[in-house]
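Containing PDB, C-alpha atoms and all ligand atoms: model.pdb.
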ATOM      1  CA  MET A   1    -207.269  85.522 -77.117  1.00  0.00           C
ATOM      2  CA  PRO A   2    -206.386  89.043 -78.113  1.00  0.00           C
ATOM      3  CA  LYS A   3    -205.761  91.361 -75.232  1.00  0.00           C
ATOM      4  CA  ARG A   4    -206.068  95.103 -75.260  1.00  0.00           C
ATOM      5  CA  SER A   5    -202.859  96.839 -74.457  1.00  0.00           C
ATOM      6  CA  SER A   6    -202.592  99.916 -72.386  1.00  0.00           C
ATOM      7  CA  ALA A   7    -202.156 103.029 -74.441  1.00  0.00           C
ATOM      8  CA  ILE A   8    -198.690 103.832 -75.651  1.00  0.00           C
ATOM      9  CA  SER A   9    -197.492 107.326 -76.227  1.00  0.00           C
ATOM     10  CA  SER A  10    -196.634 108.185 -79.795  1.00  0.00           C
ATOM     11  CA  SER A  11    -197.586 110.959 -82.115  1.00  0.00           C
ATOM     12  CA  THR A  12    -197.291 108.698 -85.170  1.00  0.00           C
ATOM     13  CA  PRO A  13    -198.372 105.266 -83.948  1.00  0.00           C
ATOM     14  CA  ALA A  14    -198.900 103.825 -87.423  1.00  0.00           C
ATOM     15  CA  GLU A  15    -195.386 104.552 -88.644  1.00  0.00           C
ATOM     16  CA  SER A  16    -193.290 101.461 -89.409  1.00  0.00           C
ATOM     17  CA  ARG A  17    -190.227 101.124 -87.113  1.00  0.00           C
ATOM     18  CA  ALA A  18    -187.113  99.127 -87.908  1.00  0.00           C
ATOM     19  CA  GLY A  19    -185.980  96.678 -85.243  1.00  0.00           C
ATOM     20  CA  GLU A  20    -189.207  96.942 -83.286  1.00  0.00           C
ATOM     21  CA  SER A  21    -190.314  93.884 -81.296  1.00  0.00           C
ATOM     22  CA  PHE A  22    -193.513  92.124 -82.224  1.00  0.00           C
ATOM     23  CA  ALA A  23    -195.014  93.072 -78.867  1.00  0.00           C
ATOM     24  CA  ASP A  24    -194.329  96.747 -79.537  1.00  0.00           C
ATOM     25  CA  LEU A  25    -195.843  96.468 -83.000  1.00  0.00           C
ATOM     26  CA  LEU A  26    -198.987  94.907 -81.512  1.00  0.00           C
ATOM     27  CA  ALA A  27    -199.116  97.642 -78.907  1.00  0.00           C
ATOM     28  CA  ARG A  28    -199.014 100.274 -81.661  1.00  0.00           C
ATOM     29  CA  VAL A  29    -201.759  98.477 -83.578  1.00  0.00           C
ATOM     30  CA  ARG A  30    -203.950  98.261 -80.490  1.00  0.00           C
ATOM     31  CA  ALA A  31    -203.402 101.929 -79.715  1.00  0.00           C
ATOM     32  CA  CYS A  32    -204.375 103.031 -83.235  1.00  0.00           C
ATOM     33  CA  THR A  33    -206.914 105.837 -83.521  1.00  0.00           C
ATOM     34  CA  VAL A  34    -206.287 106.780 -87.150  1.00  0.00           C
ATOM     35  CA  CYS A  35    -209.916 106.552 -88.275  1.00  0.00           C
ATOM     36  CA  ALA A  36    -211.571 106.980 -84.881  1.00  0.00           C
ATOM     37  CA  ALA A  37    -213.705 109.840 -86.193  1.00  0.00           C
ATOM     38  CA  HIS A  38    -215.415 107.425 -88.593  1.00  0.00           C
ATOM     39  CA  LEU A  39    -216.092 104.613 -86.115  1.00  0.00           C
ATOM     40  CA  PRO A  40    -219.259 104.191 -84.048  1.00  0.00           C
ATOM     41  CA  TYR A  41    -217.293 103.342 -80.877  1.00  0.00           C
ATOM     42  CA  PRO A  42    -213.784 104.073 -79.660  1.00  0.00           C
ATOM     43  CA  PRO A  43    -211.321 101.993 -81.708  1.00  0.00           C
ATOM     44  CA  ARG A  44    -210.819  98.431 -80.584  1.00  0.00           C
ATOM     45  CA  PRO A  45    -208.584  96.619 -83.083  1.00  0.00           C
ATOM     46  CA  ILE A  46    -209.283  92.875 -82.954  1.00  0.00           C
ATOM     47  CA  LEU A  47    -206.512  90.589 -84.141  1.00  0.00           C
ATOM     48  CA  CYS A  48    -204.591  87.477 -83.135  1.00  0.00           C
ATOM     49  CA  ALA A  49    -201.008  87.395 -84.352  1.00  0.00           C
ATOM     50  CA  SER A  50    -197.561  86.172 -83.477  1.00  0.00           C
ATOM     51  CA  PRO A  51    -194.229  85.984 -85.302  1.00  0.00           C
ATOM     52  CA  THR A  52    -194.429  82.167 -85.381  1.00  0.00           C
ATOM     53  CA  ALA A  53    -197.812  81.899 -87.135  1.00  0.00           C
ATOM     54  CA  ARG A  54    -197.875  79.744 -90.291  1.00  0.00           C
ATOM     55  CA  LEU A  55    -201.422  80.442 -91.435  1.00  0.00           C
ATOM     56  CA  LEU A  56    -202.973  83.892 -91.859  1.00  0.00           C
ATOM     57  CA  ILE A  57    -206.739  84.352 -91.971  1.00  0.00           C
ATOM     58  CA  VAL A  58    -207.891  87.663 -93.442  1.00  0.00           C
ATOM     59  CA  GLY A  59    -211.598  88.338 -93.131  1.00  0.00           C
ATOM     60  CA  GLN A  60    -213.660  91.509 -93.467  1.00  0.00           C
ATOM     61  CA  ALA A  61    -213.888  93.400 -90.161  1.00  0.00           C
ATOM     62  CA  PRO A  62    -215.185  92.676 -86.668  1.00  0.00           C
ATOM     63  CA  GLY A  63    -218.931  92.763 -86.226  1.00  0.00           C
ATOM     64  CA  ARG A  64    -220.520  94.354 -83.199  1.00  0.00           C
ATOM     65  CA  ARG A  65    -220.421  91.147 -81.153  1.00  0.00           C
ATOM     66  CA  VAL A  66    -216.743  90.653 -81.874  1.00  0.00           C
ATOM     67  CA  HIS A  67    -216.132  94.278 -80.960  1.00  0.00           C
ATOM     68  CA  GLU A  68    -217.786  93.631 -77.593  1.00  0.00           C
ATOM     69  CA  THR A  69    -216.131  90.293 -76.811  1.00  0.00           C
ATOM     70  CA  GLY A  70    -212.760  90.732 -78.499  1.00  0.00           C
ATOM     71  CA  ILE A  71    -212.984  87.171 -79.846  1.00  0.00           C
ATOM     72  CA  PRO A  72    -213.027  86.827 -83.654  1.00  0.00           C
ATOM     73  CA  TRP A  73    -214.967  84.065 -85.398  1.00  0.00           C
ATOM     74  CA  ASN A  74    -216.723  83.045 -82.176  1.00  0.00           C
ATOM     75  CA  ASP A  75    -220.037  82.349 -83.888  1.00  0.00           C
ATOM     76  CA  PRO A  76    -221.655  79.894 -86.336  1.00  0.00           C
ATOM     77  CA  SER A  77    -219.525  81.305 -89.178  1.00  0.00           C
ATOM     78  CA  GLY A  78    -216.427  80.567 -87.133  1.00  0.00           C
ATOM     79  CA  ASP A  79    -217.674  77.033 -86.446  1.00  0.00           C
ATOM     80  CA  GLN A  80    -218.126  76.544 -90.179  1.00  0.00           C
ATOM     81  CA  LEU A  81    -214.696  77.967 -90.918  1.00  0.00           C
ATOM     82  CA  ARG A  82    -213.101  75.583 -88.405  1.00  0.00           C
ATOM     83  CA  LEU A  83    -214.901  72.705 -90.109  1.00  0.00           C
ATOM     84  CA  TRP A  84    -213.593  73.857 -93.483  1.00  0.00           C
ATOM     85  CA  LEU A  85    -210.055  73.996 -92.093  1.00  0.00           C
ATOM     86  CA  GLY A  86    -210.344  70.794 -90.063  1.00  0.00           C
ATOM     87  CA  VAL A  87    -209.069  72.440 -86.880  1.00  0.00           C
ATOM     88  CA  THR A  88    -210.317  72.534 -83.314  1.00  0.00           C
ATOM     89  CA  ARG A  89    -211.113  75.751 -81.465  1.00  0.00           C
ATOM     90  CA  GLU A  90    -207.962  75.224 -79.447  1.00  0.00           C
ATOM     91  CA  ILE A  91    -205.783  75.206 -82.555  1.00  0.00           C
ATOM     92  CA  PHE A  92    -207.786  77.937 -84.259  1.00  0.00           C
ATOM     93  CA  TYR A  93    -207.183  80.336 -81.382  1.00  0.00           C
ATOM     94  CA  ASP A  94    -203.525  79.390 -80.956  1.00  0.00           C
ATOM     95  CA  GLU A  95    -201.987  82.569 -82.295  1.00  0.00           C
ATOM     96  CA  THR A  96    -198.532  80.991 -82.337  1.00  0.00           C
ATOM     97  CA  ARG A  97    -199.862  78.909 -85.245  1.00  0.00           C
ATOM     98  CA  ILE A  98    -202.748  80.853 -86.759  1.00  0.00           C
ATOM     99  CA  ALA A  99    -202.916  84.623 -87.189  1.00  0.00           C
ATOM    100  CA  ILE A 100    -206.309  86.277 -87.613  1.00  0.00           C
ATOM    101  CA  VAL A 101    -206.043  89.782 -89.051  1.00  0.00           C
ATOM    102  CA  PRO A 102    -209.135  91.233 -90.720  1.00  0.00           C
ATOM    103  CA  THR A 103    -209.025  93.748 -93.551  1.00  0.00           C
ATOM    104  CA  GLY A 104    -210.340  96.357 -91.138  1.00  0.00           C
ATOM    105  CA  LEU A 105    -209.288  95.819 -87.545  1.00  0.00           C
ATOM    106  CA  CYS A 106    -212.084  97.771 -85.838  1.00  0.00           C
ATOM    107  CA  TYR A 107    -215.850  97.430 -86.026  1.00  0.00           C
ATOM    108  CA  PRO A 108    -216.860  99.917 -88.727  1.00  0.00           C
ATOM    109  CA  GLY A 109    -220.527 100.217 -87.769  1.00  0.00           C
ATOM    110  CA  THR A 110    -223.750  99.142 -89.387  1.00  0.00           C
ATOM    111  CA  ALA A 111    -226.064 100.721 -91.928  1.00  0.00           C
ATOM    112  CA  LYS A 112    -229.266  99.457 -93.521  1.00  0.00           C
ATOM    113  CA  GLY A 113    -229.083  96.197 -91.595  1.00  0.00           C
ATOM    114  CA  GLY A 114    -225.579  95.228 -92.694  1.00  0.00           C
ATOM    115  CA  ASP A 115    -222.074  95.964 -91.461  1.00  0.00           C
ATOM    116  CA  LEU A 116    -220.264  98.786 -93.208  1.00  0.00           C
ATOM    117  CA  PRO A 117    -217.141  97.964 -95.237  1.00  0.00           C
ATOM    118  CA  PRO A 118    -213.795  97.821 -93.448  1.00  0.00           C
ATOM    119  CA  ARG A 119    -212.296 101.267 -93.058  1.00  0.00           C
ATOM    120  CA  PRO A 120    -210.164 101.882 -96.147  1.00  0.00           C
ATOM    121  CA  GLU A 121    -207.290 103.369 -94.098  1.00  0.00           C
ATOM    122  CA  CYS A 122    -206.726 100.213 -92.127  1.00  0.00           C
ATOM    123  CA  ALA A 123    -205.323  97.469 -94.351  1.00  0.00           C
ATOM    124  CA  PRO A 124    -202.741  99.662 -96.157  1.00  0.00           C
ATOM    125  CA  LEU A 125    -201.621 100.974 -92.785  1.00  0.00           C
ATOM    126  CA  TRP A 126    -201.253  97.761 -90.813  1.00  0.00           C
ATOM    127  CA  HIS A 127    -201.200  94.710 -93.062  1.00  0.00           C
ATOM    128  CA  PRO A 128    -197.765  95.365 -94.601  1.00  0.00           C
ATOM    129  CA  GLN A 129    -196.239  95.926 -91.156  1.00  0.00           C
ATOM    130  CA  LEU A 130    -197.880  92.872 -89.618  1.00  0.00           C
ATOM    131  CA  ARG A 131    -197.150  90.718 -92.634  1.00  0.00           C
ATOM    132  CA  ALA A 132    -193.463  91.704 -92.545  1.00  0.00           C
ATOM    133  CA  ALA A 133    -193.329  90.782 -88.861  1.00  0.00           C
ATOM    134  CA  MET A 134    -194.764  87.293 -89.519  1.00  0.00           C
ATOM    135  CA  PRO A 135    -192.148  85.778 -91.848  1.00  0.00           C
ATOM    136  CA  ARG A 136    -193.269  82.195 -91.307  1.00  0.00           C
ATOM    137  CA  ILE A 137    -196.708  82.662 -92.873  1.00  0.00           C
ATOM    138  CA  GLU A 138    -196.981  80.178 -95.741  1.00  0.00           C
ATOM    139  CA  LEU A 139    -200.669  80.298 -96.469  1.00  0.00           C
ATOM    140  CA  THR A 140    -203.063  83.245 -96.468  1.00  0.00           C
ATOM    141  CA  LEU A 141    -206.808  82.690 -96.584  1.00  0.00           C
ATOM    142  CA  LEU A 142    -208.693  85.606 -98.106  1.00  0.00           C
ATOM    143  CA  ILE A 143    -212.247  85.400 -96.855  1.00  0.00           C
ATOM    144  CA  GLY A 144    -214.723  87.552 -98.717  1.00  0.00           C
ATOM    145  CA  ALA A 145    -214.589  90.305-101.274  1.00  0.00           C
ATOM    146  CA  TYR A 146    -212.796  92.965 -99.215  1.00  0.00           C
ATOM    147  CA  ALA A 147    -209.850  90.739 -98.306  1.00  0.00           C
ATOM    148  CA  GLN A 148    -209.623  89.579-101.911  1.00  0.00           C
ATOM    149  CA  ALA A 149    -209.776  93.143-103.226  1.00  0.00           C
ATOM    150  CA  TYR A 150    -206.952  94.285-100.944  1.00  0.00           C
ATOM    151  CA  TYR A 151    -204.620  91.344-101.493  1.00  0.00           C
ATOM    152  CA  LEU A 152    -205.402  90.369-105.090  1.00  0.00           C
ATOM    153  CA  GLY A 153    -206.331  93.696-106.677  1.00  0.00           C
ATOM    154  CA  ASP A 154    -206.705  93.264-110.424  1.00  0.00           C
ATOM    155  CA  ARG A 155    -205.854  89.574-110.180  1.00  0.00           C
ATOM    156  CA  ARG A 156    -209.247  88.785-108.710  1.00  0.00           C
ATOM    157  CA  GLY A 157    -212.158  87.705-110.872  1.00  0.00           C
ATOM    158  CA  ARG A 158    -215.227  89.673-111.850  1.00  0.00           C
ATOM    159  CA  THR A 159    -217.186  88.163-108.960  1.00  0.00           C
ATOM    160  CA  LEU A 160    -216.270  86.483-105.704  1.00  0.00           C
ATOM    161  CA  THR A 161    -217.368  83.162-107.193  1.00  0.00           C
ATOM    162  CA  ASP A 162    -215.027  83.679-110.153  1.00  0.00           C
ATOM    163  CA  THR A 163    -212.157  84.442-107.779  1.00  0.00           C
ATOM    164  CA  VAL A 164    -212.775  81.413-105.583  1.00  0.00           C
ATOM    165  CA  ARG A 165    -213.230  79.162-108.600  1.00  0.00           C
ATOM    166  CA  ALA A 166    -209.827  80.312-109.888  1.00  0.00           C
ATOM    167  CA  TRP A 167    -208.138  79.250-106.629  1.00  0.00           C
ATOM    168  CA  ARG A 168    -205.398  77.392-108.512  1.00  0.00           C
ATOM    169  CA  ASP A 169    -204.207  80.733-109.951  1.00  0.00           C
ATOM    170  CA  PHE A 170    -203.293  81.903-106.443  1.00  0.00           C
ATOM    171  CA  ALA A 171    -201.795  78.671-105.106  1.00  0.00           C
ATOM    172  CA  PRO A 172    -199.824  77.780-103.140  1.00  0.00           C
ATOM    173  CA  ASP A 173    -199.563  80.931-101.003  1.00  0.00           C
ATOM    174  CA  VAL A 174    -203.138  82.161-101.113  1.00  0.00           C
ATOM    175  CA  VAL A 175    -206.601  80.603-101.072  1.00  0.00           C
ATOM    176  CA  PRO A 176    -209.601  82.884-101.705  1.00  0.00           C
ATOM    177  CA  LEU A 177    -212.746  81.756 -99.900  1.00  0.00           C
ATOM    178  CA  PRO A 178    -216.363  82.842 -99.593  1.00  0.00           C
ATOM    179  CA  HIS A 179    -217.622  83.886 -96.190  1.00  0.00           C
ATOM    180  CA  PRO A 180    -218.473  80.746 -94.186  1.00  0.00           C
ATOM    181  CA  SER A 181    -221.737  82.227 -92.946  1.00  0.00           C
ATOM    182  CA  PRO A 182    -224.639  79.761 -92.669  1.00  0.00           C
ATOM    183  CA  ARG A 183    -226.460  82.281 -94.878  1.00  0.00           C
ATOM    184  CA  ASN A 184    -224.151  81.185 -97.704  1.00  0.00           C
ATOM    185  CA  ARG A 185    -225.575  77.659 -97.792  1.00  0.00           C
ATOM    186  CA  MET A 186    -227.268  78.419-101.093  1.00  0.00           C
ATOM    187  CA  TRP A 187    -223.936  79.509-102.548  1.00  0.00           C
ATOM    188  CA  MET A 188    -222.445  76.183-101.466  1.00  0.00           C
ATOM    189  CA  LYS A 189    -225.311  74.318-103.140  1.00  0.00           C
ATOM    190  CA  ARG A 190    -224.981  76.277-106.346  1.00  0.00           C
ATOM    191  CA  ASN A 191    -221.224  75.723-106.411  1.00  0.00           C
ATOM    192  CA  PRO A 192    -220.638  72.049-105.565  1.00  0.00           C
ATOM    193  CA  TRP A 193    -217.081  72.229-106.931  1.00  0.00           C
ATOM    194  CA  PHE A 194    -216.207  74.201-103.787  1.00  0.00           C
ATOM    195  CA  GLY A 195    -216.937  71.289-101.459  1.00  0.00           C
ATOM    196  CA  ALA A 196    -215.543  68.747-103.909  1.00  0.00           C
ATOM    197  CA  GLU A 197    -212.286  70.507-104.863  1.00  0.00           C
ATOM    198  CA  VAL A 198    -211.439  73.435-102.646  1.00  0.00           C
ATOM    199  CA  LEU A 199    -212.280  72.152 -99.178  1.00  0.00           C
ATOM    200  CA  PRO A 200    -210.311  68.867 -99.427  1.00  0.00           C
ATOM    201  CA  MET A 201    -207.308  70.799-100.755  1.00  0.00           C
ATOM    202  CA  LEU A 202    -207.705  73.362 -97.980  1.00  0.00           C
ATOM    203  CA  ARG A 203    -207.904  70.770 -95.206  1.00  0.00           C
ATOM    204  CA  ASP A 204    -204.850  68.931 -96.528  1.00  0.00           C
ATOM    205  CA  ARG A 205    -202.856  72.118 -96.870  1.00  0.00           C
ATOM    206  CA  VAL A 206    -203.766  73.446 -93.425  1.00  0.00           C
ATOM    207  CA  GLY A 207    -203.182  70.052 -91.806  1.00  0.00           C
ATOM    208  CA  SER A 208    -199.708  69.636 -93.258  1.00  0.00           C
ATOM    209  CA  LEU A 209    -198.812  73.268 -92.617  1.00  0.00           C
ATOM    210  CA  LEU A 210    -199.726  73.152 -88.948  1.00  0.00           C
ATOM    211  CA  ALA A 211    -198.088  69.747 -88.485  1.00  0.00           C
ATOM    212  CA  ALA A 212    -194.916  71.076 -90.089  1.00  0.00           C
ATOM    213  CA  GLY A 213    -195.118  74.090 -87.792  1.00  0.00           C
ATOM    214  CA  ASP A 214    -194.807  71.803 -84.789  1.00  0.00           C
ATOM    215  CA  ASN A 215    -191.412  70.671 -86.026  1.00  0.00           C
ATOM    216  CA  GLY A 216    -190.359  73.847 -87.754  1.00  0.00           C
ATOM    217  CA  ALA A 217    -187.319  75.953 -87.315  1.00  0.00           C
ATOM    218  CA  ALA A 218    -186.826  78.244 -84.366  1.00  0.00           C
ATOM    219  CA  PRO A 219    -189.246  81.164 -84.566  1.00  0.00           C
ATOM    220  CA  HIS A 220    -188.140  84.612 -85.541  1.00  0.00           C
ATOM    221  CA  GLN A 221    -188.618  86.955 -82.582  1.00  0.00           C
TER     222      GLN A 221
HETATM  223  S1  LIG B 301    -209.906 100.512 -88.136  1.00  0.00           S
HETATM  224 FE1  LIG B 301    -207.697 100.291 -88.386  1.00  0.00          FE
HETATM  225  S2  LIG B 301    -206.990 102.376 -88.968  1.00  0.00           S
HETATM  226 FE2  LIG B 301    -209.019 102.602 -88.023  1.00  0.00          FE
HETATM  227  S3  LIG B 301    -208.615 102.981 -85.825  1.00  0.00           S
HETATM  228 FE3  LIG B 301    -208.948 100.740 -86.099  1.00  0.00          FE
HETATM  229  S4  LIG B 301    -206.861  99.927 -86.327  1.00  0.00           S
HETATM  230 FE4  LIG B 301    -206.736 102.144 -86.723  1.00  0.00          FE
END
As structure tokens, what does this structure read like?
Amino acid sequence: MPKRSSAISSSTPAESRAGESFADLLARVRACTVCAAHLPYPPRPILCASPTARLLIVGQAPGRRVHETGIPWNDPSGDQLRLWLGVTREIFYDETRIAIVPTGLCYPGTAKGGDLPPRPECAPLWHPQLRAAMPRIELTLLIGAYAQAYYLGDRRGRTLTDTVRAWRDFAPDVVPLPHPSPRNRMWMKRNPWFGAEVLPMLRDRVGSLLAAGDNGAAPHQ
């Protein structure tokens, strides 16, 4: 589970630093206050990451419950995602194998009954640094429109459905996915190709990736 670090002293905590340990990078991330003025609560970046992770899951941003508990995907959407991936909770939360880094690391607040978008400062600030510090990532799952917009840019389709349907265009490094919320059941029904084509491929890929990780080379530290 992610742990909050004690504050570290730095006037430019988001600045990339050569030769920095992964622990120090995580400490800088967890001490970030870059967009604090725009957040409803004091910043609490929620992520699971380690330099040995093989799979990276990029979602939207923590919701209020995740902000309070510090545990990402600990809800029915997370249960559905684990089913899609064919992994247990134990494996899912093993950050030495699976990194979970949302597009926005802190809860952005809610308006008109829905969560606000991830803060736009966050992904450009932290994703390149975290991604560079996780050299063993072989597969990145982009869950939802914000993750797809950040990572795919103009390569994504006109709609989320178009992007997910074009999953072969992004293989083998990236798989775009819809949000696994139970509220998306209708989307699943309207798009049966997702369950027939994408999910079997995803399960196979994740299974072989994590199995290979057990026997992989010594991790970069
Ligand atoms: S959302 Fe991102 S940029 Fe903003 S305070 Fe949290 S970690 Fe920093």
Please determine, counting only C-alpha atoms, which residue among A:Ala14, A:Phe22, A:Ala37, A:Ile46 has the shortest atom-to-atom distance to Ala132 of chain A.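 For Ala132 of chain A, the nearest of the candidates is A:Phe22.
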Please measure the separation of atom CA of Cys106 of chain A and atom CA of Leu139 of chain A, giving the value in Å to one decimal.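 These two atoms are separated by 23.4 Å.
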Ligand LIG 301 (chain B): axis-aligned bounding box, 6 Å on each side, centre and edge lengths in Å, one decimal, as lines of an AutoDock Vina configuration file:
center_x = -208.3
center_y = 101.5
center_z = -87.4
size_x = 15.2
size_y = 15.1
size_z = 15.1
Identify the residues within 12 Å of coordinate (-207.2, 91.3, -107.4) (same frame as the file), considering all atoms listed in the file, and give the answer as a list in words.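 Every residue inside that radius is included here: Leu142, Ala145, Tyr146, Ala147, Gln148, Ala149, Tyr150, Tyr151, Leu152, Gly153, Asp154, Arg155, Arg156, Gly157, Arg158, Thr159, Leu160, Asp162, Thr163, Val164, Ala166, Asp169, Phe170, Val174 and Pro176 of chain A.
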Can I get the residues of chain A within 8 Å of ligand LIG 301 (chain B), each with the closest pair of atoms and their distance in Å to one decimal, using only C-alpha atoms and all ligand atoms, sorted chain first then ascending number, as CSV?
residue,atom,partner,partner_atom,distance
A:Val29,CA,B:LIG301,S4,6.0
A:Arg30,CA,B:LIG301,S4,6.7
A:Ala31,CA,B:LIG301,S4,7.7
A:Cys32,CA,B:LIG301,FE4,4.3
A:Thr33,CA,B:LIG301,S3,4.0
A:Val34,CA,B:LIG301,S3,4.6
A:Cys35,CA,B:LIG301,FE2,4.1
A:Ala36,CA,B:LIG301,S3,5.1
A:Leu39,CA,B:LIG301,FE2,7.6
A:Pro43,CA,B:LIG301,S3,5.0
A:Arg44,CA,B:LIG301,FE3,6.3
A:Pro45,CA,B:LIG301,S4,4.9
A:Gly104,CA,B:LIG301,S1,5.1
A:Leu105,CA,B:LIG301,S1,4.8
A:Cys106,CA,B:LIG301,S1,4.2
A:Tyr107,CA,B:LIG301,S1,7.0
A:Pro108,CA,B:LIG301,S1,7.0
A:Pro118,CA,B:LIG301,S1,7.1
A:Arg119,CA,B:LIG301,S1,5.5
A:Pro120,CA,B:LIG301,S2,7.9
A:Glu121,CA,B:LIG301,S2,5.2
A:Cys122,CA,B:LIG301,S2,3.8
A:Ala123,CA,B:LIG301,FE1,7.0
A:Leu125,CA,B:LIG301,S2,6.7
A:Trp126,CA,B:LIG301,FE1,7.3
Any idea what's packed within 12 Å of segment 187-204 of chain A, counting all atoms listed in the file, ignoring anything in its chain fewer than 3 positions away? Could you give it as an NGL selection string? :A and (55 or 80-87 or 139-141 or 160-168 or 171-184 or 207-211)
Apply the PyMOL selection byres (((chain A and resi 94) around 12) and not hetatm) to the file shown and report the selected residues as a list of chain:residue names.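 On this input, the PyMOL selection byres (((chain A and resi 94) around 12) and not hetatm) captures A:Met1, A:Pro2, A:Cys48, A:Ala49, A:Ser50, A:Thr52, A:Ala53, A:Arg54, A:Leu55, A:Leu56, A:Val87, A:Thr88, A:Arg89, A:Glu90, A:Ile91, A:Phe92, A:Tyr93, A:Glu95, A:Thr96, A:Arg97, A:Ile98, A:Ala99, A:Ile100, A:Leu210.
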Enter the distance from atom CA of Leu47 of chain A to atom CA of Val206 of chain A, in Å, rounded to one decimal.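 Between atom CA of Leu47 of chain A and atom CA of Val206 of chain A the gap works out to 19.7 Å.
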Quick one: apply the PyMOL selection byres (((chain A and resi 133) around 12) and not hetatm) to the file and drop the selected residues here as number ranges by chain. A: 16-26, 49-53, 99, 126-132, 134-137, 219-221
Tell me, in Å to one decimal, how far atom CA of Ala27 of chain A is from atom CA of Pro124 of chain A. 17.7 Å
